>>> print(open('model_38.txt').read())   # compact mmCIF, C-alpha atoms
# COMPACT_ATOMS: atom_id res chain seq x y z
CA MET A 14 126.39 95.38 123.18
CA HIS A 15 125.55 97.62 120.23
CA LEU A 16 122.73 96.65 117.92
CA PRO A 17 122.93 98.33 114.53
CA PRO A 18 120.01 100.59 113.54
CA PHE A 19 117.28 98.30 112.22
CA GLN A 20 117.26 100.05 108.85
CA ARG A 21 120.70 98.56 108.20
CA LEU A 22 119.22 95.06 108.41
CA VAL A 23 116.61 96.02 105.83
CA ASP A 24 119.22 97.57 103.52
CA ASP A 25 121.64 94.67 103.82
CA HIS A 26 119.26 91.72 103.76
CA ALA A 27 115.79 92.51 102.34
CA PRO A 28 116.63 91.65 98.70
CA GLU A 29 118.30 88.32 99.49
CA LEU A 30 115.55 87.37 101.96
CA HIS A 31 112.99 88.18 99.29
CA ARG A 32 114.74 85.83 96.89
CA PHE A 33 114.85 83.16 99.59
CA LEU A 34 111.12 83.56 100.21
CA VAL A 35 110.22 83.48 96.52
CA ALA A 36 111.98 80.12 96.36
CA CYS A 37 110.19 78.95 99.51
CA VAL A 38 106.61 80.21 99.01
CA GLY A 39 106.39 81.55 95.46
CA PRO A 40 106.31 85.09 94.10
CA THR A 41 102.71 85.89 95.08
CA ASP A 42 103.21 85.50 98.82
CA ALA A 43 106.92 86.29 99.14
CA GLU A 44 106.52 90.01 99.74
CA ASP A 45 103.90 89.61 102.44
CA CYS A 46 106.02 86.93 104.09
CA LEU A 47 108.96 89.34 104.00
CA GLN A 48 106.88 92.08 105.66
CA GLU A 49 105.91 89.62 108.39
CA THR A 50 109.53 88.60 108.77
CA PHE A 51 110.78 92.15 109.31
CA LEU A 52 107.87 93.11 111.57
CA SER A 53 108.53 90.08 113.81
CA ALA A 54 112.23 90.89 113.81
CA LEU A 55 111.54 94.53 114.68
CA ARG A 56 109.26 93.47 117.55
CA ALA A 57 111.94 91.23 119.08
CA TYR A 58 114.94 93.39 118.15
CA PRO A 59 115.55 95.46 121.32
CA ARG A 60 115.47 92.29 123.42
CA LEU A 61 118.26 90.55 121.49
CA ARG A 62 121.12 89.66 123.80
CA HIS A 63 123.83 89.92 121.18
CA ALA A 64 124.31 91.16 117.64
CA ASP A 65 126.21 88.12 116.35
CA ASN A 66 124.86 86.60 113.18
CA LEU A 67 121.80 88.80 112.73
CA ARG A 68 121.59 87.45 109.20
CA ALA A 69 121.04 83.85 110.40
CA TRP A 70 118.49 85.20 112.86
CA LEU A 71 116.56 86.89 110.01
CA TYR A 72 116.72 83.76 107.87
CA LEU A 73 115.36 81.69 110.74
CA ILE A 74 112.41 84.07 111.13
CA ALA A 75 111.83 84.03 107.36
CA GLN A 76 111.95 80.23 107.37
CA ARG A 77 109.28 80.16 110.12
CA LYS A 78 107.08 82.65 108.29
CA ALA A 79 107.35 80.58 105.13
CA THR A 80 106.42 77.41 107.00
CA ASP A 81 103.44 79.14 108.66
CA LEU A 82 102.25 80.37 105.28
CA ILE A 83 102.61 77.00 103.59
CA ARG A 84 100.61 75.37 106.41
CA ARG A 85 97.95 78.06 106.16
CA VAL A 86 97.72 77.74 102.38
CA GLY A 87 97.47 73.96 102.74
CA ARG A 88 94.43 74.46 104.96
CA ARG A 89 92.67 76.95 102.72
CA PRO A 90 89.07 75.97 101.98
CA VAL A 91 88.78 74.19 98.65
CA SER A 92 85.27 75.20 97.64
CA ASP A 93 86.68 77.34 94.86
CA LEU A 94 88.87 74.58 93.50
CA ASP A 95 86.49 72.33 91.64
CA GLY A 96 87.29 68.68 91.73
CA VAL A 97 90.38 68.94 93.93
CA ALA A 98 90.21 66.71 96.96
CA PRO A 99 91.15 68.42 100.24
CA GLU A 100 93.64 65.68 101.17
CA ARG A 101 95.63 66.39 98.01
CA LEU A 102 95.89 70.04 98.99
CA SER A 103 97.37 69.27 102.36
CA GLU A 104 100.13 67.26 100.70
CA ALA A 105 101.31 70.23 98.71
CA PRO A 106 99.85 73.69 98.10
CA ARG A 107 99.07 72.99 94.47
CA GLU A 108 96.96 76.05 93.80
CA LEU A 109 100.01 78.30 93.99
CA PRO A 110 100.87 79.32 90.46
CA ASP A 111 104.27 77.93 89.69
CA ASP A 112 105.87 75.00 87.99
CA GLY A 113 106.28 71.59 89.52
CA LEU A 114 109.77 71.94 90.89
CA TRP A 115 109.01 74.96 93.07
CA LEU A 116 105.78 73.38 94.27
CA ALA A 117 107.82 70.38 95.33
CA VAL A 118 110.29 72.68 97.13
CA ARG A 119 107.33 74.19 99.00
CA GLY A 120 106.30 70.71 100.07
CA LEU A 121 109.63 69.96 101.76
CA PRO A 122 110.02 70.01 105.54
CA ALA A 123 111.12 73.48 106.70
CA LYS A 124 114.81 72.77 107.32
CA GLN A 125 115.26 70.76 104.14
CA ARG A 126 113.55 73.48 102.16
CA ALA A 127 115.78 76.21 103.62
CA ALA A 128 118.93 74.11 103.18
CA VAL A 129 118.16 73.26 99.54
CA VAL A 130 117.41 76.91 98.72
CA HIS A 131 120.60 78.19 100.38
CA ARG A 132 122.71 75.51 98.75
CA PHE A 133 121.41 75.71 95.18
CA VAL A 134 119.50 78.98 94.68
CA PHE A 135 122.21 80.97 96.46
CA ASP A 136 124.98 78.58 95.42
CA LEU A 137 126.50 78.47 98.91
CA ALA A 138 129.09 76.05 100.25
CA TYR A 139 127.87 73.83 103.09
CA VAL A 140 129.80 75.83 105.65
CA ASP A 141 127.90 78.96 104.57
CA VAL A 142 124.55 77.15 104.46
CA ALA A 143 125.27 76.11 108.04
CA ALA A 144 126.16 79.68 109.07
CA ARG A 145 122.99 81.13 107.55
CA MET A 146 120.82 78.50 109.20
CA GLY A 147 122.63 78.53 112.53
CA ILE A 148 123.20 74.73 112.35
CA THR A 149 126.28 72.53 111.99
CA GLU A 150 127.86 71.87 108.62
CA GLU A 151 127.01 68.18 109.03
CA ALA A 152 123.34 69.01 109.66
CA ALA A 153 123.34 71.28 106.61
CA ARG A 154 124.69 68.42 104.46
CA GLN A 155 122.08 66.02 105.79
CA ASN A 156 119.22 68.44 105.22
CA VAL A 157 120.35 69.17 101.67
CA SER A 158 120.72 65.51 100.74
CA ALA A 159 117.41 64.51 102.35
CA GLY A 160 115.73 67.42 100.58
CA LEU A 161 117.18 66.49 97.22
CA ARG A 162 116.18 62.87 97.66
CA ARG A 163 112.65 63.92 98.35
CA LEU A 164 112.55 66.35 95.43
CA ARG A 165 113.71 63.61 93.05
CA GLN A 166 110.94 61.32 94.27
CA GLU A 167 108.38 64.10 93.80
CA MET A 168 109.63 65.02 90.34
CA ASP A 169 109.70 61.38 89.19
CA ARG A 170 106.07 60.87 90.02
CA MET B 43 125.96 68.97 88.47
CA ASN B 44 122.80 67.06 87.68
CA ASP B 45 119.67 68.46 86.13
CA LEU B 46 117.64 68.98 89.29
CA GLU B 47 120.44 70.91 90.98
CA HIS B 48 120.90 72.95 87.84
CA GLN B 49 117.19 73.86 87.73
CA LEU B 50 117.28 74.89 91.37
CA GLY B 51 120.31 77.00 90.60
CA GLN B 52 118.35 78.95 88.00
CA GLY B 53 116.19 80.17 90.88
CA PRO B 54 112.56 81.21 90.64
CA ASP B 55 111.58 84.51 89.04
CA THR B 56 112.11 87.42 91.36
CA ALA B 57 111.21 91.03 90.96
CA PHE B 58 111.55 93.08 94.11
CA ASP B 59 110.48 96.68 94.48
CA VAL B 60 112.64 97.78 97.40
CA SER B 61 111.23 101.27 97.77
CA ARG B 62 107.61 100.09 97.84
CA PHE B 63 108.56 97.39 100.32
CA GLN B 64 110.33 99.95 102.49
CA ALA B 65 107.31 102.31 102.45
CA ASP B 66 104.91 99.49 103.43
CA LEU B 67 107.21 98.32 106.19
CA GLY B 68 107.53 101.83 107.64
CA ARG B 69 103.75 102.25 107.63
CA ARG B 70 103.04 98.86 109.20
CA ALA B 71 105.78 99.24 111.82
CA SER B 72 104.41 102.65 112.75
CA GLN B 73 100.82 101.37 113.01
CA SER B 74 101.99 98.51 115.23
CA GLY B 75 103.85 100.90 117.55
CA LEU B 76 107.18 99.31 116.63
CA LEU B 77 108.85 102.36 115.11
CA ASP B 78 110.83 104.36 117.67
CA VAL B 79 112.84 106.54 115.30
CA ALA B 80 111.69 107.46 111.77
CA TYR B 81 113.96 109.41 109.45
CA ALA B 82 113.88 111.01 106.04
CA ALA B 83 115.65 113.65 104.00
CA VAL B 84 114.43 117.19 103.30
CA ASP B 85 115.65 119.48 100.52
CA SER B 86 116.86 122.86 101.67
CA PRO B 87 118.94 125.77 100.38
CA LEU B 88 121.62 124.53 102.81
CA GLY B 89 121.74 121.08 101.20
CA ASP B 90 119.91 117.89 102.11
CA LEU B 91 118.84 117.81 105.74
CA THR B 92 117.98 114.55 107.48
CA VAL B 93 115.33 114.64 110.20
CA PHE B 94 114.97 111.95 112.86
CA VAL B 95 111.60 111.82 114.63
CA THR B 96 110.45 109.80 117.65
CA PRO B 97 106.84 109.56 118.92
CA ARG B 98 107.78 112.47 121.22
CA GLY B 99 109.14 114.74 118.53
CA LEU B 100 112.15 115.79 116.48
CA VAL B 101 115.18 114.27 118.20
CA ARG B 102 117.97 115.05 115.70
CA LEU B 103 118.55 117.10 112.57
CA ALA B 104 121.65 116.37 110.47
CA TYR B 105 123.17 118.65 107.87
CA GLU B 106 124.40 117.32 104.55
CA GLY B 107 127.98 116.20 105.04
CA GLU B 108 127.40 114.63 108.43
CA ALA B 109 128.03 110.88 108.45
CA ILE B 110 124.49 109.47 108.50
CA ASP B 111 125.72 105.97 109.40
CA ALA B 112 127.36 107.32 112.54
CA THR B 113 124.25 109.34 113.41
CA LEU B 114 122.04 106.25 112.98
CA GLN B 115 124.37 104.20 115.17
CA GLU B 116 124.36 106.89 117.86
CA LEU B 117 120.56 107.01 117.84
CA ALA B 118 120.40 103.20 117.96
CA GLU B 119 122.51 103.28 121.11
CA ARG B 120 121.08 106.32 122.84
CA VAL B 121 117.40 106.26 121.81
CA SER B 122 116.36 102.91 120.31
CA PRO B 123 117.62 100.51 117.63
CA ARG B 124 114.08 100.39 116.17
CA ILE B 125 114.96 102.86 113.42
CA LEU B 126 113.54 102.92 109.90
CA HIS B 127 113.61 105.23 106.93
CA ALA B 128 109.94 106.24 107.04
CA PRO B 129 109.16 109.61 105.40
CA GLU B 130 105.47 109.63 106.36
CA ARG B 131 106.23 109.82 110.05
CA THR B 132 108.47 112.85 109.45
CA ASP B 133 105.93 114.76 107.32
CA ASN B 134 105.25 117.52 109.82
CA ALA B 135 108.92 118.25 110.49
CA ARG B 136 109.70 118.27 106.77
CA ARG B 137 106.74 120.52 105.89
CA GLU B 138 107.69 123.04 108.56
CA LEU B 139 111.33 123.14 107.49
CA GLU B 140 110.27 123.74 103.89
CA ALA B 141 107.93 126.52 105.01
CA TYR B 142 110.69 128.05 107.15
CA PHE B 143 113.14 128.17 104.25
CA ALA B 144 110.42 129.60 102.01
CA GLY B 145 109.98 132.42 104.57
CA ARG B 146 106.41 131.35 105.35
CA LEU B 147 107.03 130.02 108.87
CA HIS B 148 108.69 131.92 111.72
CA ALA B 149 108.00 129.64 114.69
CA PHE B 150 108.15 125.85 114.57
CA THR B 151 105.22 123.99 116.11
CA GLN B 152 106.97 120.63 115.58
CA PRO B 153 107.54 119.17 119.09
CA VAL B 154 111.14 118.50 120.09
CA ASP B 155 112.33 115.31 121.79
CA TRP B 156 115.11 116.42 124.14
CA SER B 157 116.38 112.94 124.99
CA LEU B 158 119.81 113.44 123.43
CA ILE B 159 120.43 116.56 125.51
CA ARG B 160 121.42 116.30 129.17
CA GLY B 161 122.51 118.47 132.05
CA PHE B 162 123.84 121.99 131.51
CA ALA B 163 123.52 121.66 127.73
CA ALA B 164 119.78 121.06 128.19
CA GLU B 165 119.49 124.29 130.22
CA VAL B 166 121.35 126.25 127.56
CA LEU B 167 119.41 124.79 124.63
CA HIS B 168 116.04 125.23 126.31
CA ALA B 169 116.93 128.91 126.71
CA THR B 170 118.07 129.00 123.08
CA ALA B 171 114.76 127.57 121.93
CA ARG B 172 113.04 130.66 123.40
CA ILE B 173 114.95 133.17 121.23
CA PRO B 174 112.33 134.30 118.71
CA PHE B 175 112.74 134.52 114.93
CA GLY B 176 114.35 137.81 113.99
CA SER B 177 116.20 138.22 117.30
CA VAL B 178 119.69 137.31 118.41
CA SER B 179 121.32 136.76 121.77
CA THR B 180 124.82 136.16 123.16
CA TYR B 181 126.77 133.30 124.71
CA GLY B 182 126.94 135.20 128.00
CA ARG B 183 123.19 135.77 128.00
CA MET B 184 122.57 132.04 127.41
CA ALA B 185 124.89 131.20 130.33
CA ILE B 186 122.87 133.53 132.56
CA GLU B 187 119.58 132.03 131.41
CA ALA B 188 120.98 128.56 132.07
CA GLY B 189 121.76 129.63 135.64
CA SER B 190 125.56 129.87 135.39
CA PRO B 191 126.46 133.47 134.56
CA ARG B 192 130.20 132.80 134.34
CA ALA B 193 129.89 129.79 132.04
CA ALA B 194 129.76 131.57 128.68
CA ARG B 195 132.40 129.24 127.25
CA ALA B 196 130.53 126.13 128.46
CA ALA B 197 127.37 127.62 126.96
CA GLY B 198 129.25 127.91 123.67
CA ASN B 199 130.20 124.24 123.85
CA ALA B 200 126.61 123.27 124.61
CA LEU B 201 125.42 125.23 121.57
CA GLY B 202 128.11 123.58 119.45
CA SER B 203 126.74 120.17 120.42
CA ASN B 204 123.12 121.07 119.59
CA PRO B 205 121.62 117.90 118.02
CA ILE B 206 118.68 119.82 116.49
CA PRO B 207 120.07 122.88 114.68
CA ILE B 208 117.69 125.30 112.90
CA VAL B 209 114.67 124.15 114.99
CA VAL B 210 116.56 124.79 118.23
CA PRO B 211 118.00 128.02 116.85
CA CYS B 212 121.58 128.05 118.09
CA HIS B 213 122.41 130.18 115.03
CA ARG B 214 120.75 133.10 116.88
CA VAL B 215 123.51 133.16 119.50
CA LEU B 216 126.41 135.54 118.69
CA HIS B 217 129.42 137.05 120.42
CA ALA B 218 128.70 140.04 122.64
CA ASP B 219 130.80 142.24 120.28
CA GLY B 220 128.55 141.25 117.38
CA GLY B 221 130.96 138.67 115.92
CA LEU B 222 129.28 135.58 114.48
CA GLY B 223 130.95 133.15 116.87
CA GLY B 224 130.97 129.51 115.82
CA TYR B 225 128.59 127.06 114.19
CA SER B 226 129.07 123.34 113.96
CA GLY B 227 127.21 123.25 110.63
CA GLY B 228 129.71 125.76 109.19
CA LEU B 229 129.68 129.56 109.44
CA HIS B 230 128.30 129.96 105.90
CA ARG B 231 125.13 128.22 107.12
CA LYS B 232 124.87 130.39 110.22
CA ARG B 233 125.22 133.49 108.02
CA PHE B 234 122.55 132.19 105.61
CA LEU B 235 120.06 131.53 108.43
CA LEU B 236 120.60 134.96 109.99
CA GLN B 237 120.14 136.62 106.60
CA LEU B 238 116.97 134.58 106.01
CA GLU B 239 115.65 135.89 109.33
CA GLY B 240 116.69 139.45 108.51
CA THR B 241 119.08 139.83 111.44
CA LEU B 242 122.18 140.03 109.25
CA PRO B 243 122.32 142.22 106.15
CA ALA B 244 122.30 140.12 102.99
>>> encode(input="model_38.txt", output="C-alpha cells")
Amino acid sequence: MHLPPFQRLVDDHAPELHRFLVACVGPTDAEDCLQETFLSALRAYPRLRHADNLRAWLYLIAQRKATDLIRRVGRRPVSDLDGVAPERLSEAPRELPDDGLWLAVRGLPAKQRAAVVHRFVFDLAYVDVAARMGITEEAARQNVSAGLRRLRQEMDR
Amino acid sequence: MNDLEHQLGQGPDTAFDVSRFQADLGRRASQSGLLDVAYAAVDSPLGDLTVFVTPRGLVRLAYEGEAIDATLQELAERVSPRILHAPERTDNARRELEAYFAGRLHAFTQPVDWSLIRGFAAEVLHATARIPFGSVSTYGRMAIEAGSPRAARAAGNALGSNPIPIVVPCHRVLHADGGLGGYSGGLHRKRFLLQLEGTLPA
C-alpha cells in the first residue's frame, strides 16, 4: 500500500475543504477548523490501512471538526451577549456573523449539514455526495431532503 | 430550482490564503512532532535545488529538472508519508547551501540523515563525505576506503545514486587519469562545483 506524500492532500483538497467549512461554520472559524482537520489527518495518516478515497476521509474529519466547533460555540458563555438567553444560543450559534440562511445551515445535524453543502454549494450529483461522505446514495438523498425540510422550517420562522 | 436551493448554490463568501495556511500548518505540524519530512526550494547558480529534511538531518537534495512528484512519493514510501512543504524547518540547510555557493562556507555543519542509503553505497558515501573542500579523490580510492579495493565500478554506481549531492560531495570523485567521470546531476554541474572549489581551472 502506498500512501501519497501528505502535501499532495493539502494541494489537492485544502481549497475545497475550506469552502466546505465556510459553509458549515462561517468564515471566521473556517480556517482554524481546516488547520485542525489537517493536523488530525496528519496524526492518523501513517496508520491508514488503505489509500482509497482519501478525499472522503478528509471530508469526514472536517465534518467532525465543524460539529465540534458548533457545539463549542453553542456552549460559549453568554455574559458578553446582553439580553440573549442561553437556551436560545444552544439552539443555534447566533452570535456568528452571517446571514440567516448560513446560521440555519450551521444548526443542522452534522450529516444533513454536510449533505446539503455538498449537494448545493458544490453542486454535486447524489452519487458524488455519497462518495464524498462515504455513505450510500440513498442515505445522501435522505440527508439532503431532511436537511432542506429543516432549513425551510427555520427560514419560514 | 427553488429559491432556497438557489441561495445555497451561491455559496457563502470565501477568501482563502493558501500560502499563509500552508505556513501555519507546517509550523503547527512541526511543533506537534507530526512532521517527518519538511521540504523547500533554494536558489542556486545551478538552478532551483529542493532540500528534504527530517528531524535527523538532510535526507535528500534534488536538482532542478528532477521530478519532484516522484521524489516525494519515494520519500513517502521509504521514510514517512508525513511530508509537508515547510521552509522554516529547512532553514539551516538552505542557509548553508547559499553560503557555500557564495564561497563563504567550505564545510557543511548541517547533519545528514543517511536513511536512504544502504549497504555498500553507505560505505562509499560515508568515505565521500570525508573528502574536504578543495580536494579530489578517485573511484578506486573510494572503493578502497569502503573496504572493497576491486570494486571501483560499484563505487561509481554508489556515487551515481547519491541522494544528497553537493552536501555529500560526490563531485569530488574523479577518474584516476584526471578525467571528470560521471555525475547524475549533469557534468556541467560537476564542473561548476569543482571550479567553485578551485580544484578545476575556471
>>> closest_residue(input="model_38.txt", among="B:Asp55, B:Glu187, B:Asp133, B:Asp111", to="Ala83 in chain B", atoms="all atoms listed in the file")
B:Asp133
>>> atom_distance(input="model_38.txt", atom1="CA of Met146 in chain A", atom2="CA of Asp65 in chain A")
13.1 Å
>>> closest_residue(input="model_38.txt", among="B:Arg70, B:Arg192, B:His168, B:Arg160", to="chain A", atoms="only C-alpha atoms")
B:Arg70
>>> residues_around(input="model_38.txt", residues="Pro17 in chain A", least_positions_apart="5", cutoff="10 Å", atoms="all atoms listed in the file", output="PDB file with C-alpha atoms, keeping the file's coordinate frame")
ATOM      1  CA  LEU A  22     119.220  95.060 108.410  1.00  0.00           C
ATOM      2  CA  ALA A  64     124.310  91.160 117.640  1.00  0.00           C
ATOM      3  CA  LEU A  67     121.800  88.800 112.730  1.00  0.00           C
TER       4      LEU A  67
ATOM      5  CA  ASP B 111     125.720 105.970 109.400  1.00  0.00           C
ATOM      6  CA  LEU B 114     122.040 106.250 112.980  1.00  0.00           C
ATOM      7  CA  GLN B 115     124.370 104.200 115.170  1.00  0.00           C
ATOM      8  CA  GLU B 116     124.360 106.890 117.860  1.00  0.00           C
ATOM      9  CA  LEU B 117     120.560 107.010 117.840  1.00  0.00           C
ATOM     10  CA  ALA B 118     120.400 103.200 117.960  1.00  0.00           C
ATOM     11  CA  GLU B 119     122.510 103.280 121.110  1.00  0.00           C
ATOM     12  CA  SER B 122     116.360 102.910 120.310  1.00  0.00           C
ATOM     13  CA  PRO B 123     117.620 100.510 117.630  1.00  0.00           C
ATOM     14  CA  ARG B 124     114.080 100.390 116.170  1.00  0.00           C
ATOM     15  CA  ILE B 125     114.960 102.860 113.420  1.00  0.00           C
TER      16      ILE B 125
END
>>> residues_around(input="model_38.txt", residues="range 113-125 of chain A", least_positions_apart="5", cutoff="8 Å", atoms="only C-alpha atoms", output="count of residues only")
21
>>> closest_residue(input="model_38.txt", among="B:Leu242, B:Leu167, B:Leu50, B:Ala112", to="Ala128 in chain A", atoms="all atoms listed in the file")
B:Leu50
>>> closest_residue(input="model_38.txt", among="B:Ser61, B:Asn44, B:Gln49, B:Ser190", to="Pro28 in chain A", atoms="all atoms listed in the file")
B:Ser61
>>> atom_distance(input="model_38.txt", atom1="CA of Leu238 in chain B", atom2="CA of Ser179 in chain B")
16.5 Å
>>> interface_residues(input="model_38.txt", of="chain A", to="chain B", cutoff="10 Å", atoms="only C-alpha atoms", output="PyMOL selection string")
chain A and resi 14-24+27-29+31-37+39-40+43-45+47-49+51-59+111-112+114-115+118+129-136+161+164-165+168
>>> residues_around(input="model_38.txt", residues="Asp155 in chain B", least_positions_apart="5", cutoff="9 Å", atoms="all atoms listed in the file", output="PyMOL selection string")
chain B and resi 95-102
>>> decode(input="model_38.txt", residues="range 49-62 of chain B", atoms="N, CA and C atoms", output="PDB file, in the first residue's frame")
ATOM      1  N   GLN B  49     -30.115  29.917  -3.362  1.00  0.00           N
ATOM      2  CA  GLN B  49     -29.289  30.671  -2.400  1.00  0.00           C
ATOM      3  C   GLN B  49     -28.119  29.848  -1.885  1.00  0.00           C
ATOM      4  N   LEU B  50     -28.398  28.581  -1.604  1.00  0.00           N
ATOM      5  CA  LEU B  50     -27.325  27.692  -1.148  1.00  0.00           C
ATOM      6  C   LEU B  50     -26.260  27.564  -2.231  1.00  0.00           C
ATOM      7  N   GLY B  51     -26.728  27.521  -3.470  1.00  0.00           N
ATOM      8  CA  GLY B  51     -25.816  27.364  -4.595  1.00  0.00           C
ATOM      9  C   GLY B  51     -24.901  28.555  -4.798  1.00  0.00           C
ATOM     10  N   GLN B  52     -25.320  29.716  -4.296  1.00  0.00           N
ATOM     11  CA  GLN B  52     -24.458  30.901  -4.382  1.00  0.00           C
ATOM     12  C   GLN B  52     -23.232  30.733  -3.485  1.00  0.00           C
ATOM     13  N   GLY B  53     -23.401  29.911  -2.449  1.00  0.00           N
ATOM     14  CA  GLY B  53     -22.300  29.657  -1.520  1.00  0.00           C
ATOM     15  C   GLY B  53     -22.022  30.857  -0.654  1.00  0.00           C
ATOM     16  N   PRO B  54     -21.395  30.639   0.503  1.00  0.00           N
ATOM     17  CA  PRO B  54     -21.002  31.755   1.351  1.00  0.00           C
ATOM     18  C   PRO B  54     -19.738  32.400   0.790  1.00  0.00           C
ATOM     19  N   ASP B  55     -19.410  33.571   1.283  1.00  0.00           N
ATOM     20  CA  ASP B  55     -18.176  34.232   0.839  1.00  0.00           C
ATOM     21  C   ASP B  55     -16.967  33.414   1.266  1.00  0.00           C
ATOM     22  N   THR B  56     -16.043  33.228   0.347  1.00  0.00           N
ATOM     23  CA  THR B  56     -14.814  32.555   0.739  1.00  0.00           C
ATOM     24  C   THR B  56     -13.617  33.288   0.180  1.00  0.00           C
ATOM     25  N   ALA B  57     -12.674  33.557   1.049  1.00  0.00           N
ATOM     26  CA  ALA B  57     -11.375  34.027   0.600  1.00  0.00           C
ATOM     27  C   ALA B  57     -10.390  33.132   1.325  1.00  0.00           C
ATOM     28  N   PHE B  58      -9.486  32.536   0.586  1.00  0.00           N
ATOM     29  CA  PHE B  58      -8.601  31.552   1.200  1.00  0.00           C
ATOM     30  C   PHE B  58      -7.171  31.839   0.786  1.00  0.00           C
ATOM     31  N   ASP B  59      -6.347  32.143   1.786  1.00  0.00           N
ATOM     32  CA  ASP B  59      -4.939  32.431   1.542  1.00  0.00           C
ATOM     33  C   ASP B  59      -4.147  31.135   1.710  1.00  0.00           C
ATOM     34  N   VAL B  60      -3.936  30.451   0.583  1.00  0.00           N
ATOM     35  CA  VAL B  60      -3.318  29.124   0.644  1.00  0.00           C
ATOM     36  C   VAL B  60      -1.917  29.168   1.243  1.00  0.00           C
ATOM     37  N   SER B  61      -1.130  30.179   0.863  1.00  0.00           N
ATOM     38  CA  SER B  61       0.265  30.145   1.306  1.00  0.00           C
ATOM     39  C   SER B  61       0.371  30.425   2.806  1.00  0.00           C
ATOM     40  N   ARG B  62      -0.501  31.315   3.321  1.00  0.00           N
ATOM     41  CA  ARG B  62      -0.479  31.533   4.769  1.00  0.00           C
ATOM     42  C   ARG B  62      -0.944  30.277   5.504  1.00  0.00           C
TER      43      ARG B  62
END
